[in-house]
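First comes the structure, then the notes that go with it.
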Amino acid sequence: MTKTLKVYKGDDVVASEQGEGKVSVTLSNLDADTTYPKGTYQVSWEENGKESSKVDVPQFKTNPILVSGVSFTPETKSITVNTDDNVEPNIAPSTATNKTLKYTSEHPEFVTVDERTGAIHGVAEGTSVITATSTDGSDKSGQITVTVTNG
């Protein structure tokens, strides 16, 4: 026999699904990486025009939105010795929960980089690849090649 599973937030039905046996619903428009306390949502069954009492949904936490890509446009940059600049990556998706990156320099004898901010400093003539890696567990990274000249 067909039943309807209803999900309420307050007095409003925010999701419902019909089926026989095991029925599941998907809630949309939830905030990422958020804990919803017990009772924020309630569920009930409707069968043959009769609805059961509402029952509190236990506390749950939504998943974070992980970084899916890190890139640099353009992929090269030039600076002169003893100058400071920044590398500015593009992070996808723009809705990622944690956009914090860790920066490293392949050749710090030519270019140093602040691991938290991406600020770079030209130390000596040469070329180094700067890598920006996500810290949210997705292990995504992007690279930019920085060339230092005497100017």
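For the structure tokens, the naming scheme is as follows: chains receive sequential letters (A, B, ...) according to their order of presentation, residues are indexed from 1 within each chain, and ligands are indexed from 1 in presentation order.
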Within 10 Å of region 111-124 of chain A using only C-alpha atoms, minus same-chain residues under 6 positions, as a VMD selection string: chain A and resid 78 to 89 100 to 105 130 to 133 146 to 150
Would you save the residues from that selection as a compact mmCIF listing (two decimals), in the first residue's frame, using C-alpha atoms?
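In the end it all went to selection_14.txt:
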```txt
# COMPACT_ATOMS: atom_id res chain seq x y z
CA SER A 78 57.35 37.63 -13.04
CA ILE A 79 58.77 39.70 -10.18
CA THR A 80 62.13 41.31 -9.50
CA VAL A 81 64.65 40.56 -6.77
CA ASN A 82 63.70 42.09 -3.39
CA THR A 83 60.07 42.75 -4.35
CA ASP A 84 56.90 41.44 -2.78
CA ASP A 85 53.71 40.34 -4.50
CA ASN A 86 50.87 37.88 -4.07
CA VAL A 87 49.71 34.82 -5.95
CA GLU A 88 45.93 34.68 -6.20
CA PRO A 89 44.40 31.31 -7.02
CA THR A 100 41.95 27.91 3.14
CA LEU A 101 45.03 26.95 1.14
CA LYS A 102 48.60 26.08 2.12
CA TYR A 103 51.32 27.50 -0.13
CA THR A 104 54.76 26.04 -0.81
CA SER A 105 57.69 27.08 -3.00
CA ILE A 130 54.42 27.85 -6.17
CA THR A 131 51.85 25.22 -5.20
CA ALA A 132 48.59 26.05 -3.42
CA THR A 133 46.94 23.03 -1.78
CA VAL A 146 57.17 32.53 -10.71
CA THR A 147 60.27 33.92 -12.41
CA VAL A 148 62.53 36.34 -10.54
CA THR A 149 64.70 38.75 -12.53
CA ASN A 150 67.21 41.43 -11.53
```
Applying 10 Å and only C-alpha atoms, which residues near Val55 (chain A) remain after dropping the ones on its own chain fewer than 6 positions away? List them as a PyMOL selection string. chain A and resi 7-8+39+41-45
Restricting the calculation to only C-alpha atoms: of A:Gly142, A:Gly21, A:Gly10, A:Pro108, which residue gets closest to Phe72 (chain A)?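 The shortest atom-to-atom distance to Phe72 (chain A) comes from A:Gly142.
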Using only C-alpha atoms: which of A:Asp11, A:Asp139, A:Glu75, A:Asp31 has the shortest distance to Asn90 (chain A):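 Closest to Asn90 (chain A), using only C-alpha atoms: A:Glu75.
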Pick out each residue of region 13-79 of chain A that DSSP on the backbone tags as strand (DSSP E); I need them as an MDAnalysis selection string. chainID A and resid 13:19 35:36 42:47 50:51 55:56 60:61 69:71 76:79
What does the file look like for those residues with C-alpha atoms, as a short mmCIF file (atom, residue, chain, number, x, y, z; two decimals), in the first residue's frame?
```
data_model
loop_
_atom_site.label_atom_id
_atom_site.label_comp_id
_atom_site.auth_asym_id
_atom_site.auth_seq_id
_atom_site.Cartn_x
_atom_site.Cartn_y
_atom_site.Cartn_z
CA VAL A 13 5.94 20.50 4.63
CA VAL A 14 9.41 20.94 3.12
CA ALA A 15 9.70 17.52 1.46
CA SER A 16 7.56 14.47 0.82
CA GLU A 17 7.87 11.18 -1.00
CA GLN A 18 5.39 8.42 -1.80
CA GLY A 19 6.21 4.76 -1.89
CA THR A 35 24.50 20.93 12.63
CA TYR A 36 20.71 20.86 12.81
CA GLN A 42 9.85 16.45 12.03
CA VAL A 43 8.45 13.54 10.02
CA SER A 44 5.07 11.86 9.71
CA TRP A 45 3.42 9.18 7.59
CA GLU A 46 0.20 9.66 5.71
CA GLU A 47 -1.78 6.61 4.61
CA LYS A 50 -4.80 9.72 7.81
CA GLU A 51 -1.59 11.27 9.09
CA VAL A 55 8.21 12.67 15.27
CA ASP A 56 11.38 14.73 15.78
CA PHE A 60 22.26 15.69 12.11
CA LYS A 61 25.11 17.48 10.42
CA GLY A 69 39.84 22.55 -8.00
CA VAL A 70 42.57 25.15 -7.51
CA SER A 71 44.00 27.04 -10.48
CA THR A 76 53.03 32.40 -14.78
CA LYS A 77 54.18 35.53 -12.98
CA SER A 78 57.35 37.63 -13.04
CA ILE A 79 58.77 39.70 -10.18
#
```
If you count only C-alpha atoms, which residues fall within 9 Å of Pro93 (chain A), apart from same-chain ones fewer than 6 positions away, as a PDB file with C-alpha atoms, in the first residue's frame?
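Final file, out_15.pdb:
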```pdb
ATOM      1  CA  ILE A  65      31.328  21.459   0.305  1.00  0.00           C
ATOM      2  CA  LEU A  66      34.859  20.392  -0.585  1.00  0.00           C
ATOM      3  CA  VAL A  67      37.209  22.189  -2.930  1.00  0.00           C
ATOM      4  CA  SER A  68      37.065  20.550  -6.369  1.00  0.00           C
ATOM      5  CA  GLY A  69      39.838  22.550  -8.003  1.00  0.00           C
TER       6      GLY A  69
END
```
Looking at only C-alpha atoms, which of A:Asn48, A:Ala32, A:Gln143, A:Lys38 is the one that sits closest to Asn98 (chain A)?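 With only C-alpha atoms as the atom set, the closest residue is A:Ala32.
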Take CA of Val25 (chain A) and CA of Gln59 (chain A) and report the distance between them in Å, one decimal.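 If I compute the distance from CA of Val25 (chain A) to CA of Gln59 (chain A), I get 16.3 Å.
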Nearest residue to Lys140 (chain A) out of A:Glu109, A:Ala92, A:Ser52, A:Val57, using only C-alpha atoms? A:Ala92
